[in-house]
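**Q** Supplied structure: input_18.cif, mmCIF, C-alpha atoms.
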data_upload
#
loop_
_atom_site.label_atom_id
_atom_site.label_comp_id
_atom_site.auth_asym_id
_atom_site.auth_seq_id
_atom_site.Cartn_x
_atom_site.Cartn_y
_atom_site.Cartn_z
CA MET A 1 -98.93 -15.22 -36.72
CA SER A 2 -95.34 -14.89 -35.61
CA ILE A 3 -92.56 -16.77 -37.31
CA SER A 4 -92.06 -18.96 -34.24
CA LYS A 5 -95.74 -19.90 -34.35
CA LYS A 6 -95.45 -20.60 -38.05
CA ILE A 7 -92.51 -22.93 -37.41
CA GLY A 8 -94.52 -24.59 -34.64
CA ALA A 9 -97.44 -24.97 -37.04
CA LEU A 10 -95.06 -26.52 -39.57
CA VAL A 11 -93.97 -29.05 -36.95
CA VAL A 12 -97.61 -29.87 -36.17
CA VAL A 13 -98.38 -30.29 -39.88
CA PHE A 14 -95.39 -32.58 -40.22
CA LEU A 15 -96.57 -34.68 -37.28
CA LEU A 16 -100.11 -34.85 -38.64
CA PHE A 17 -98.75 -35.85 -42.03
CA ASN A 18 -96.72 -38.62 -40.44
CA LEU A 19 -99.73 -39.83 -38.49
CA ALA A 20 -101.87 -39.77 -41.63
CA THR A 21 -99.15 -41.64 -43.52
CA ALA A 22 -98.93 -44.30 -40.82
CA PHE A 23 -102.73 -44.61 -40.69
CA GLY A 24 -102.96 -44.85 -44.48
CA TYR A 25 -100.18 -47.42 -44.52
CA ARG A 26 -102.05 -49.46 -41.93
CA LEU A 27 -105.24 -49.33 -44.00
CA VAL A 28 -103.37 -50.45 -47.11
CA VAL A 29 -101.66 -53.26 -45.21
CA ASN A 30 -104.99 -54.43 -43.78
CA ARG A 31 -106.53 -54.41 -47.24
CA VAL A 32 -103.61 -56.37 -48.66
CA ARG A 33 -103.92 -58.82 -45.76
CA ASP A 34 -107.63 -59.31 -46.41
CA LEU A 35 -107.01 -59.87 -50.13
CA ALA A 36 -104.19 -62.30 -49.38
CA LEU A 37 -106.38 -64.29 -46.99
CA GLU A 38 -109.27 -64.29 -49.44
CA ASN A 39 -107.11 -65.41 -52.35
CA SER A 40 -105.27 -68.06 -50.33
CA THR A 41 -108.58 -69.41 -49.02
CA ASN A 42 -109.97 -69.55 -52.54
CA LEU A 43 -106.83 -71.33 -53.74
CA MET A 44 -107.02 -73.89 -50.95
CA MET A 45 -110.69 -74.53 -51.67
CA GLN A 46 -109.98 -74.81 -55.38
CA ASP A 47 -107.28 -77.37 -54.64
CA TYR A 48 -109.80 -79.41 -52.67
CA ARG A 49 -112.39 -79.13 -55.45
CA ASN A 50 -109.88 -80.24 -58.06
CA GLU A 51 -108.73 -83.16 -55.94
CA LEU A 52 -112.29 -84.31 -55.20
CA LYS A 53 -113.30 -84.10 -58.83
CA ASP A 54 -110.20 -85.95 -60.04
CA VAL A 55 -110.59 -88.94 -57.68
CA VAL A 56 -114.35 -89.23 -58.21
CA ASP A 57 -114.11 -88.90 -62.00
CA ALA A 58 -111.38 -91.54 -62.15
CA MET A 59 -113.32 -94.01 -60.00
CA ALA A 60 -116.59 -93.32 -61.83
CA LEU A 61 -115.01 -94.17 -65.17
CA SER A 62 -113.36 -97.28 -63.71
CA LEU A 63 -116.65 -98.51 -62.24
CA SER A 64 -118.50 -97.82 -65.47
CA SER A 65 -116.00 -99.90 -67.43
CA ALA A 66 -116.03 -102.67 -64.83
CA VAL A 67 -119.81 -103.20 -64.99
CA ASP A 68 -120.19 -102.70 -68.73
CA GLY A 69 -122.71 -105.31 -69.87
CA VAL A 70 -123.47 -106.48 -66.29
CA THR A 71 -127.22 -106.47 -65.57
CA ASP A 72 -127.39 -108.40 -62.30
CA GLU A 73 -127.57 -105.94 -59.40
CA ALA A 74 -125.84 -108.33 -57.01
CA GLU A 75 -122.91 -108.60 -59.39
CA VAL A 76 -122.82 -104.85 -59.83
CA TYR A 77 -122.74 -104.52 -56.03
CA ARG A 78 -119.89 -107.02 -55.78
CA ILE A 79 -117.82 -105.22 -58.41
CA PHE A 80 -118.51 -101.78 -56.97
CA SER A 81 -117.66 -102.97 -53.46
CA LYS A 82 -114.45 -104.62 -54.57
CA LEU A 83 -113.22 -101.48 -56.31
CA ALA A 84 -114.60 -98.69 -54.15
CA LYS A 85 -114.59 -99.91 -50.54
CA PRO A 86 -110.83 -100.46 -50.10
CA SER A 87 -109.92 -97.11 -51.64
CA ARG A 88 -108.50 -94.52 -49.27
CA PHE A 89 -106.97 -91.24 -50.29
CA PHE A 90 -105.85 -87.79 -49.06
CA ALA A 91 -102.79 -87.32 -46.88
CA ASP A 92 -104.56 -88.48 -43.71
CA ARG A 93 -106.29 -91.39 -45.48
CA SER A 94 -109.67 -89.93 -44.57
CA GLY A 95 -111.01 -90.03 -48.12
CA TYR A 96 -113.45 -92.81 -49.11
CA PHE A 97 -116.22 -93.40 -51.65
CA PHE A 98 -119.96 -93.83 -51.30
CA ILE A 99 -122.28 -94.98 -54.06
CA TYR A 100 -126.02 -94.32 -54.18
CA LYS A 101 -128.87 -95.24 -56.43
CA VAL A 102 -130.55 -92.25 -58.02
CA GLY A 103 -133.15 -91.16 -55.51
CA GLY A 104 -131.02 -91.50 -52.37
CA THR A 105 -130.76 -95.22 -51.62
CA VAL A 106 -127.35 -96.23 -50.28
CA PHE A 107 -125.81 -98.89 -52.53
CA VAL A 108 -122.17 -99.12 -51.43
CA HIS A 109 -120.65 -97.26 -48.49
CA ALA A 110 -117.01 -97.74 -47.53
CA THR A 111 -117.34 -96.73 -43.86
CA LEU A 112 -121.04 -97.17 -43.04
CA PRO A 113 -122.05 -100.49 -44.63
CA GLU A 114 -125.04 -100.72 -42.26
CA LEU A 115 -126.70 -97.99 -44.32
CA GLU A 116 -126.62 -100.01 -47.53
CA GLY A 117 -130.08 -100.61 -48.92
CA LYS A 118 -131.60 -97.72 -46.96
CA ASN A 119 -133.03 -94.62 -48.55
CA ILE A 120 -131.70 -91.58 -46.68
CA ILE A 121 -132.61 -88.87 -49.17
CA ASP A 122 -134.14 -86.80 -46.33
CA ARG A 123 -131.14 -87.09 -44.01
CA LYS A 124 -129.90 -83.76 -42.68
CA ASP A 125 -126.54 -82.71 -41.32
CA PRO A 126 -126.23 -81.04 -37.86
CA LYS A 127 -126.95 -77.67 -39.49
CA GLY A 128 -130.21 -78.89 -41.03
CA ARG A 129 -128.97 -79.22 -44.61
CA GLU A 130 -130.36 -82.11 -46.69
CA TYR A 131 -126.96 -82.94 -48.08
CA ILE A 132 -127.87 -86.35 -49.52
CA ARG A 133 -130.66 -84.79 -51.55
CA GLN A 134 -128.30 -82.09 -52.78
CA LEU A 135 -125.62 -84.62 -53.71
CA ASP A 136 -128.27 -86.64 -55.54
CA GLU A 137 -129.42 -83.57 -57.45
CA VAL A 138 -125.98 -82.25 -58.46
CA SER A 139 -124.86 -85.70 -59.59
CA GLN A 140 -127.75 -85.87 -62.05
CA ALA A 141 -126.99 -82.33 -63.22
CA GLY A 142 -123.54 -83.31 -64.47
CA GLY A 143 -121.69 -83.37 -61.17
CA GLY A 144 -121.16 -80.76 -58.51
CA TYR A 145 -120.12 -79.75 -55.02
CA VAL A 146 -122.09 -79.62 -51.78
CA ASP A 147 -121.04 -78.08 -48.45
CA PHE A 148 -122.22 -79.88 -45.34
CA TYR A 149 -121.21 -80.89 -41.82
CA PHE A 150 -120.22 -84.40 -40.84
CA ASN A 151 -118.82 -86.19 -37.82
CA LYS A 152 -115.08 -86.83 -37.96
CA PRO A 153 -114.21 -89.81 -35.74
CA GLY A 154 -112.42 -88.77 -32.60
CA ILE A 155 -112.82 -85.06 -33.30
CA GLY A 156 -116.49 -84.18 -33.77
CA VAL A 157 -118.66 -82.40 -36.29
CA LEU A 158 -116.63 -80.51 -38.87
CA PRO A 159 -117.32 -78.75 -42.18
CA LYS A 160 -116.95 -80.94 -45.21
CA LEU A 161 -116.97 -80.43 -48.96
CA GLY A 162 -118.56 -83.19 -51.02
CA TYR A 163 -118.53 -83.94 -54.73
CA SER A 164 -120.75 -86.38 -56.61
CA ARG A 165 -121.40 -87.41 -60.20
CA MET A 166 -123.16 -90.12 -62.12
CA ILE A 167 -121.36 -93.35 -62.98
CA PRO A 168 -121.63 -93.34 -66.79
CA ASN A 169 -124.24 -95.66 -68.32
CA THR A 170 -125.74 -96.55 -64.92
CA ARG A 171 -128.41 -95.32 -62.53
CA TYR A 172 -125.88 -94.93 -59.72
CA TRP A 173 -123.90 -91.94 -58.57
CA ILE A 174 -120.63 -91.87 -56.68
CA GLY A 175 -119.31 -89.27 -54.33
CA THR A 176 -116.75 -88.44 -51.70
CA GLY A 177 -115.95 -85.62 -49.34
CA VAL A 178 -113.08 -83.92 -47.61
CA TYR A 179 -112.98 -82.14 -44.27
CA ILE A 180 -112.17 -78.49 -44.80
CA ASP A 181 -111.67 -77.40 -41.20
CA ASP A 182 -107.96 -77.03 -41.92
CA VAL A 183 -108.81 -74.21 -44.35
CA ASP A 184 -109.90 -72.05 -41.42
CA SER A 185 -106.93 -73.11 -39.28
CA ARG A 186 -104.49 -72.42 -42.11
CA LYS A 187 -106.26 -69.12 -42.73
CA GLU A 188 -105.81 -68.19 -39.06
CA GLN A 189 -102.14 -69.16 -39.21
CA LEU A 190 -101.64 -67.08 -42.34
CA SER A 191 -103.53 -64.19 -40.76
CA GLY A 192 -101.27 -64.40 -37.69
CA MET A 193 -98.16 -64.41 -39.87
CA ILE A 194 -99.38 -61.41 -41.87
CA LEU A 195 -100.40 -59.53 -38.71
CA ASP A 196 -97.00 -60.20 -37.15
CA LEU A 197 -95.22 -59.08 -40.31
CA THR A 198 -97.34 -55.95 -40.73
CA ALA A 199 -96.96 -55.10 -37.04
CA ARG A 200 -93.18 -55.21 -37.46
CA GLN A 201 -93.47 -53.09 -40.60
CA VAL A 202 -95.68 -50.52 -38.85
CA ARG A 203 -93.30 -50.42 -35.88
CA GLY A 204 -90.40 -49.95 -38.26
CA LEU A 205 -92.24 -47.14 -40.05
CA SER A 206 -93.13 -45.49 -36.74
CA LEU A 207 -89.55 -45.73 -35.51
CA GLY A 208 -88.31 -44.38 -38.83
CA LEU A 209 -90.66 -41.41 -38.72
CA GLY A 210 -89.78 -40.87 -35.07
CA GLY A 211 -86.11 -40.97 -35.97
CA VAL A 212 -86.67 -38.40 -38.69
CA PHE A 213 -88.47 -36.20 -36.20
CA VAL A 214 -85.74 -36.47 -33.58
CA LEU A 215 -82.71 -36.39 -35.85
CA LEU A 216 -83.96 -33.99 -38.51
CA LEU A 217 -86.96 -31.93 -37.54
CA ILE A 218 -85.94 -30.96 -33.98
CA PRO A 219 -82.43 -29.87 -35.07
CA LEU A 220 -84.08 -28.00 -37.96
CA VAL A 221 -86.39 -26.15 -35.55
CA VAL A 222 -83.44 -25.32 -33.31
CA PHE A 223 -81.45 -24.14 -36.32
CA LEU A 224 -84.30 -21.94 -37.55
CA THR A 225 -84.78 -20.52 -34.06
CA VAL A 226 -81.10 -19.69 -33.69
CA THR A 227 -80.55 -18.36 -37.20
CA ILE A 228 -83.85 -16.58 -37.88
CA ILE A 229 -86.05 -15.97 -34.86
CA ARG A 230 -83.34 -14.83 -32.44
CA PRO A 231 -81.70 -12.41 -34.93
CA LEU A 232 -85.12 -11.02 -35.84
CA ARG A 233 -85.89 -10.39 -32.20
CA GLN A 234 -82.54 -8.67 -31.79
CA LEU A 235 -83.17 -6.50 -34.86
CA THR A 236 -86.67 -5.72 -33.58
CA ALA A 237 -85.17 -4.53 -30.28
CA VAL A 238 -82.74 -2.26 -32.17
CA ALA A 239 -85.58 -0.87 -34.29
CA ASN A 240 -87.63 -0.15 -31.16
CA ASP A 241 -84.67 1.71 -29.64
CA TYR A 242 -84.23 3.66 -32.84
CA SER A 243 -87.90 4.65 -32.67
CA VAL A 244 -87.35 6.33 -29.29
CA GLY A 245 -84.09 7.96 -30.28
CA GLU A 246 -81.69 5.44 -28.72
CA LEU A 247 -79.10 5.05 -31.48
CA SER A 248 -76.19 3.62 -29.52
CA LEU A 249 -77.02 -0.06 -29.95
CA LYS A 250 -74.90 -2.00 -32.37
CA VAL A 251 -76.89 -3.67 -35.14
CA PRO A 252 -76.22 -7.46 -35.06
CA GLY A 253 -76.08 -9.63 -38.18
CA THR A 254 -74.57 -7.14 -40.61
CA ASN A 255 -71.98 -9.72 -41.64
CA ARG A 256 -74.63 -12.18 -42.82
CA HIS A 257 -75.37 -12.66 -46.52
CA ASP A 258 -79.01 -13.70 -46.31
CA GLU A 259 -82.23 -11.72 -45.87
CA ILE A 260 -81.45 -11.19 -42.19
CA GLY A 261 -78.11 -9.65 -43.19
CA ILE A 262 -79.81 -7.40 -45.75
CA LEU A 263 -82.31 -6.26 -43.11
CA ALA A 264 -79.52 -5.69 -40.55
CA ASN A 265 -77.48 -3.62 -42.98
CA ALA A 266 -80.54 -1.61 -43.98
CA LEU A 267 -81.26 -0.95 -40.31
CA ALA A 268 -77.63 0.03 -39.72
CA ARG A 269 -77.79 2.48 -42.59
CA LEU A 270 -81.03 3.80 -41.19
CA GLY A 271 -79.30 4.38 -37.84
CA VAL A 272 -76.45 6.22 -39.56
CA SER A 273 -78.92 8.38 -41.44
CA ILE A 274 -80.88 9.15 -38.29
CA ARG A 275 -77.72 10.06 -36.36
CA ALA A 276 -76.56 12.30 -39.21
CA ALA A 277 -79.92 14.00 -39.37
CA MET A 278 -79.95 14.57 -35.61
CA GLU A 279 -76.42 16.00 -35.70
CA ARG A 280 -77.48 18.49 -38.40
CA LEU A 281 -80.46 19.48 -36.31
CA HIS A 282 -78.25 20.07 -33.26
CA LYS A 283 -75.87 22.26 -35.27
CA LYS A 284 -78.74 24.47 -36.30
#
Please re-express this file's structure in structure tokens.
**A**
Amino acid sequence: MSISKKIGALVVVFLLFNLATAFGYRLVVNRVRDLALENSTNLMMQDYRNELKDVVDAMALSLSSAVDGVTDEAEVYRIFSKLAKPSRFFADRSGYFFIYKVGGTVFVHATLPELEGKNIIDRKDPKGREYIRQLDEVSQAGGGYVDFYFNKPGIGVLPKLGYSRMIPNTRYWIGTGVYIDDVDSRKEQLSGMILDLTARQVRGLSLGLGGVFVLLLIPLVVFLTVTIIRPLRQLTAVANDYSVGELSLKVPGTNRHDEIGILANALARLGVSIRAAMERLHKK
């Protein structure tokens, strides 16, 4: 392989390296993006879980204290209704409480009072999940979370996260839920921001590598061509002329102090030696 081809191969290797670097950078950025989205989603969901648990635990303890020693169910209903029904929470005031008897009978419901007294343990959400049964089960197991779908007035069916637990010293459990559709929307917003940022970073990297190629590599190739390849071709032409007895050509590059200069001077000395030898032969 000639030197010019080797320099060309070096340029190709450099370009391939840059492409591999950009591709690897993109893979790393995508992985970081996925981890960021996963962690932020988990954090948002954990915030919802903490908020649900805090409000339900606080109300459960308040209700337990309020009905301590009360045995009449009608009085328990009155106290529970007075404390639980007016309560609204979350930033959009969409949070409310519902209280059930163990087994799935609605006892107090802040937004659907027409269900009170009905057993809806078998009720399913639009996805077919028996969410009341699950809330009933996790409440008796010490409290827990249930994912389900529920109609949000004016918007439609949306994903919701519910939490329920027993009211201490009673046979009732209390729960609430929060719509978590904003988790996906916030995730999409965050994903868009990260994609926009990474796209700018990738463009910047590409422009930077392109700038290096234009401002550094191309001038380097030109420099190598001018300072190495062209002198070597000139010296090769002189050597070819020497090989056929043409010794009149001046050897270029003898004033250089690099390997090309050493080769040029060696070739010049070779020409002197050949001319001297030929002159001796002519004299004989």
**Q** If you measure from CA of Arg129 in chain A to CA of Phe148 in chain A, what distance in Å do you get, rounded to one decimal?
**A**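 Separating CA of Arg129 in chain A from CA of Phe148 in chain A is a distance of 6.8 Å.
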**Q** CA of Gln134 in chain A and CA of Glu73 in chain A are how many Å apart?
**A**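 Answer for the CA of Gln134 in chain A to CA of Glu73 in chain A separation: 24.8 Å.
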**Q** Might you spell out which residues the PyMOL selection byres ((chain A and resi 170) around 12) would select in the displayed file, as a PDB file with C-alpha atoms, in the coordinates of the input?
**A**
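Ended up saving to expr-v6.pdb:
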ATOM      1  CA  ALA A  60    -116.590 -93.320 -61.830  1.00  0.00           C
ATOM      2  CA  LEU A  61    -115.010 -94.170 -65.170  1.00  0.00           C
ATOM      3  CA  LEU A  63    -116.650 -98.510 -62.240  1.00  0.00           C
ATOM      4  CA  SER A  64    -118.500 -97.820 -65.470  1.00  0.00           C
ATOM      5  CA  SER A  65    -116.000 -99.900 -67.430  1.00  0.00           C
ATOM      6  CA  ALA A  66    -116.030-102.670 -64.830  1.00  0.00           C
ATOM      7  CA  VAL A  67    -119.810-103.200 -64.990  1.00  0.00           C
ATOM      8  CA  ASP A  68    -120.190-102.700 -68.730  1.00  0.00           C
ATOM      9  CA  GLY A  69    -122.710-105.310 -69.870  1.00  0.00           C
ATOM     10  CA  VAL A  70    -123.470-106.480 -66.290  1.00  0.00           C
ATOM     11  CA  THR A  71    -127.220-106.470 -65.570  1.00  0.00           C
ATOM     12  CA  GLU A  73    -127.570-105.940 -59.400  1.00  0.00           C
ATOM     13  CA  VAL A  76    -122.820-104.850 -59.830  1.00  0.00           C
ATOM     14  CA  PHE A  80    -118.510-101.780 -56.970  1.00  0.00           C
ATOM     15  CA  ILE A  99    -122.280 -94.980 -54.060  1.00  0.00           C
ATOM     16  CA  TYR A 100    -126.020 -94.320 -54.180  1.00  0.00           C
ATOM     17  CA  LYS A 101    -128.870 -95.240 -56.430  1.00  0.00           C
ATOM     18  CA  VAL A 102    -130.550 -92.250 -58.020  1.00  0.00           C
ATOM     19  CA  GLN A 140    -127.750 -85.870 -62.050  1.00  0.00           C
ATOM     20  CA  ARG A 165    -121.400 -87.410 -60.200  1.00  0.00           C
ATOM     21  CA  MET A 166    -123.160 -90.120 -62.120  1.00  0.00           C
ATOM     22  CA  ILE A 167    -121.360 -93.350 -62.980  1.00  0.00           C
ATOM     23  CA  PRO A 168    -121.630 -93.340 -66.790  1.00  0.00           C
ATOM     24  CA  ASN A 169    -124.240 -95.660 -68.320  1.00  0.00           C
ATOM     25  CA  ARG A 171    -128.410 -95.320 -62.530  1.00  0.00           C
ATOM     26  CA  TYR A 172    -125.880 -94.930 -59.720  1.00  0.00           C
ATOM     27  CA  TRP A 173    -123.900 -91.940 -58.570  1.00  0.00           C
ATOM     28  CA  ILE A 174    -120.630 -91.870 -56.680  1.00  0.00           C
TER      29      ILE A 174
END
**Q** Closest to Ile132 in chain A among A:Gly175, A:Gly8, A:Gly95, A:Gly156, using all atoms listed in the file?
**A**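 Using all atoms listed in the file, Ile132 in chain A sits closest to A:Gly175.
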**Q** Find the distance between CA of Glu38 in chain A and CA of Glu51 in chain A and write it in Å to one decimal.
**A**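 Straight-line distance from CA of Glu38 in chain A to CA of Glu51 in chain A works out to 20.0 Å.
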**Q** Can you give me, as a list in words, the residues this file yields under the PyMOL selection byres ((chain A and resi 242) around 12)?
**A**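 Taken over the shown coordinates, the PyMOL selection byres ((chain A and resi 242) around 12) returns Leu235, Thr236, Ala237, Val238, Ala239, Asn240, Asp241, Ser243, Val244, Gly245, Glu246, Leu247, Ser248, Leu249, Lys250, Val251, Leu267, Ala268, Arg269, Leu270, Gly271, Val272, Ser273, Ile274 and Arg275 of chain A.
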**Q** Please return the centre and edge lengths, in Å to one decimal, of a box with edges along x, y and z that contains all listed atoms of range 145-151 of chain A, widened by 5 Å on every side, as lines of an AutoDock Vina configuration file.
**A**
center_x = -120.5
center_y = -82.1
center_z = -46.4
size_x = 13.4
size_y = 18.1
size_z = 27.2
**Q** Need to verify the contact set: Gly104 in chain A, 9 Å, only C-alpha atoms, exclusion of same-chain residues closer than 3 positions in sequence. Can you return it as number ranges by chain?
**A** A: 100-101, 118-122, 132-133, 135-136
**Q** Please write the residues from the selection above to a file, keeping C-alpha atoms, as a compact mmCIF listing (two decimals), in the frame of the given file.
**A**
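result-v8.txt was written with the following content:
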# COMPACT_ATOMS: atom_id res chain seq x y z
CA TYR A 100 -126.02 -94.32 -54.18
CA LYS A 101 -128.87 -95.24 -56.43
CA LYS A 118 -131.60 -97.72 -46.96
CA ASN A 119 -133.03 -94.62 -48.55
CA ILE A 120 -131.70 -91.58 -46.68
CA ILE A 121 -132.61 -88.87 -49.17
CA ASP A 122 -134.14 -86.80 -46.33
CA ILE A 132 -127.87 -86.35 -49.52
CA ARG A 133 -130.66 -84.79 -51.55
CA LEU A 135 -125.62 -84.62 -53.71
CA ASP A 136 -128.27 -86.64 -55.54
**Q** How would you write, as a ChimeraX atom specification, the residues chosen by the PyMOL selection byres ((chain A and resi 151) around 12) on this structure?
**A** /A:94,125-127,148-150,152-160,177-179,181
**Q** Counting all atoms listed in the file, which of A:Ala110, A:Arg31, A:Ile180, A:Tyr163 gets nearest to Gly142 in chain A?
**A**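 Result for the nearest residue to Gly142 in chain A: A:Tyr163.
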**Q** Using the partial input, fill out range 225-241 of chain A with N, CA and C atoms; write the result as a PDB file, in the coordinates of the input.
**A**
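Output (result_37.pdb):
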ATOM      1  N   THR A 225     -84.625 -21.431 -35.206  1.00  0.00           N
ATOM      2  CA  THR A 225     -84.780 -20.520 -34.060  1.00  0.00           C
ATOM      3  C   THR A 225     -83.508 -19.687 -33.857  1.00  0.00           C
ATOM      4  N   VAL A 226     -82.365 -20.382 -33.933  1.00  0.00           N
ATOM      5  CA  VAL A 226     -81.100 -19.690 -33.690  1.00  0.00           C
ATOM      6  C   VAL A 226     -80.750 -18.735 -34.815  1.00  0.00           C
ATOM      7  N   THR A 227     -81.006 -19.145 -36.054  1.00  0.00           N
ATOM      8  CA  THR A 227     -80.550 -18.360 -37.200  1.00  0.00           C
ATOM      9  C   THR A 227     -81.576 -17.359 -37.715  1.00  0.00           C
ATOM     10  N   ILE A 228     -82.823 -17.491 -37.353  1.00  0.00           N
ATOM     11  CA  ILE A 228     -83.850 -16.580 -37.880  1.00  0.00           C
ATOM     12  C   ILE A 228     -84.575 -15.848 -36.753  1.00  0.00           C
ATOM     13  N   ILE A 229     -85.187 -16.596 -35.859  1.00  0.00           N
ATOM     14  CA  ILE A 229     -86.050 -15.970 -34.860  1.00  0.00           C
ATOM     15  C   ILE A 229     -85.236 -15.103 -33.905  1.00  0.00           C
ATOM     16  N   ARG A 230     -84.133 -15.616 -33.375  1.00  0.00           N
ATOM     17  CA  ARG A 230     -83.340 -14.830 -32.440  1.00  0.00           C
ATOM     18  C   ARG A 230     -82.774 -13.568 -33.084  1.00  0.00           C
ATOM     19  N   PRO A 231     -82.162 -13.649 -34.289  1.00  0.00           N
ATOM     20  CA  PRO A 231     -81.700 -12.410 -34.930  1.00  0.00           C
ATOM     21  C   PRO A 231     -82.810 -11.417 -35.206  1.00  0.00           C
ATOM     22  N   LEU A 232     -84.003 -11.934 -35.585  1.00  0.00           N
ATOM     23  CA  LEU A 232     -85.120 -11.020 -35.840  1.00  0.00           C
ATOM     24  C   LEU A 232     -85.542 -10.310 -34.569  1.00  0.00           C
ATOM     25  N   ARG A 233     -85.548 -11.027 -33.473  1.00  0.00           N
ATOM     26  CA  ARG A 233     -85.890 -10.390 -32.200  1.00  0.00           C
ATOM     27  C   ARG A 233     -84.861  -9.333 -31.824  1.00  0.00           C
ATOM     28  N   GLN A 234     -83.590  -9.651 -32.084  1.00  0.00           N
ATOM     29  CA  GLN A 234     -82.540  -8.670 -31.790  1.00  0.00           C
ATOM     30  C   GLN A 234     -82.692  -7.424 -32.666  1.00  0.00           C
ATOM     31  N   LEU A 235     -82.978  -7.642 -33.962  1.00  0.00           N
ATOM     32  CA  LEU A 235     -83.170  -6.500 -34.860  1.00  0.00           C
ATOM     33  C   LEU A 235     -84.410  -5.712 -34.491  1.00  0.00           C
ATOM     34  N   THR A 236     -85.459  -6.418 -34.019  1.00  0.00           N
ATOM     35  CA  THR A 236     -86.670  -5.720 -33.580  1.00  0.00           C
ATOM     36  C   THR A 236     -86.383  -4.836 -32.374  1.00  0.00           C
ATOM     37  N   ALA A 237     -85.547  -5.331 -31.455  1.00  0.00           N
ATOM     38  CA  ALA A 237     -85.170  -4.530 -30.280  1.00  0.00           C
ATOM     39  C   ALA A 237     -84.405  -3.291 -30.696  1.00  0.00           C
ATOM     40  N   VAL A 238     -83.495  -3.419 -31.680  1.00  0.00           N
ATOM     41  CA  VAL A 238     -82.740  -2.260 -32.170  1.00  0.00           C
ATOM     42  C   VAL A 238     -83.675  -1.257 -32.808  1.00  0.00           C
ATOM     43  N   ALA A 239     -84.641  -1.784 -33.620  1.00  0.00           N
ATOM     44  CA  ALA A 239     -85.580  -0.870 -34.290  1.00  0.00           C
ATOM     45  C   ALA A 239     -86.435  -0.129 -33.274  1.00  0.00           C
ATOM     46  N   ASN A 240     -86.842  -0.818 -32.198  1.00  0.00           N
ATOM     47  CA  ASN A 240     -87.630  -0.150 -31.160  1.00  0.00           C
ATOM     48  C   ASN A 240     -86.814   0.955 -30.486  1.00  0.00           C
ATOM     49  N   ASP A 241     -85.529   0.678 -30.239  1.00  0.00           N
ATOM     50  CA  ASP A 241     -84.670   1.710 -29.640  1.00  0.00           C
ATOM     51  C   ASP A 241     -84.492   2.876 -30.585  1.00  0.00           C
TER      52      ASP A 241
END
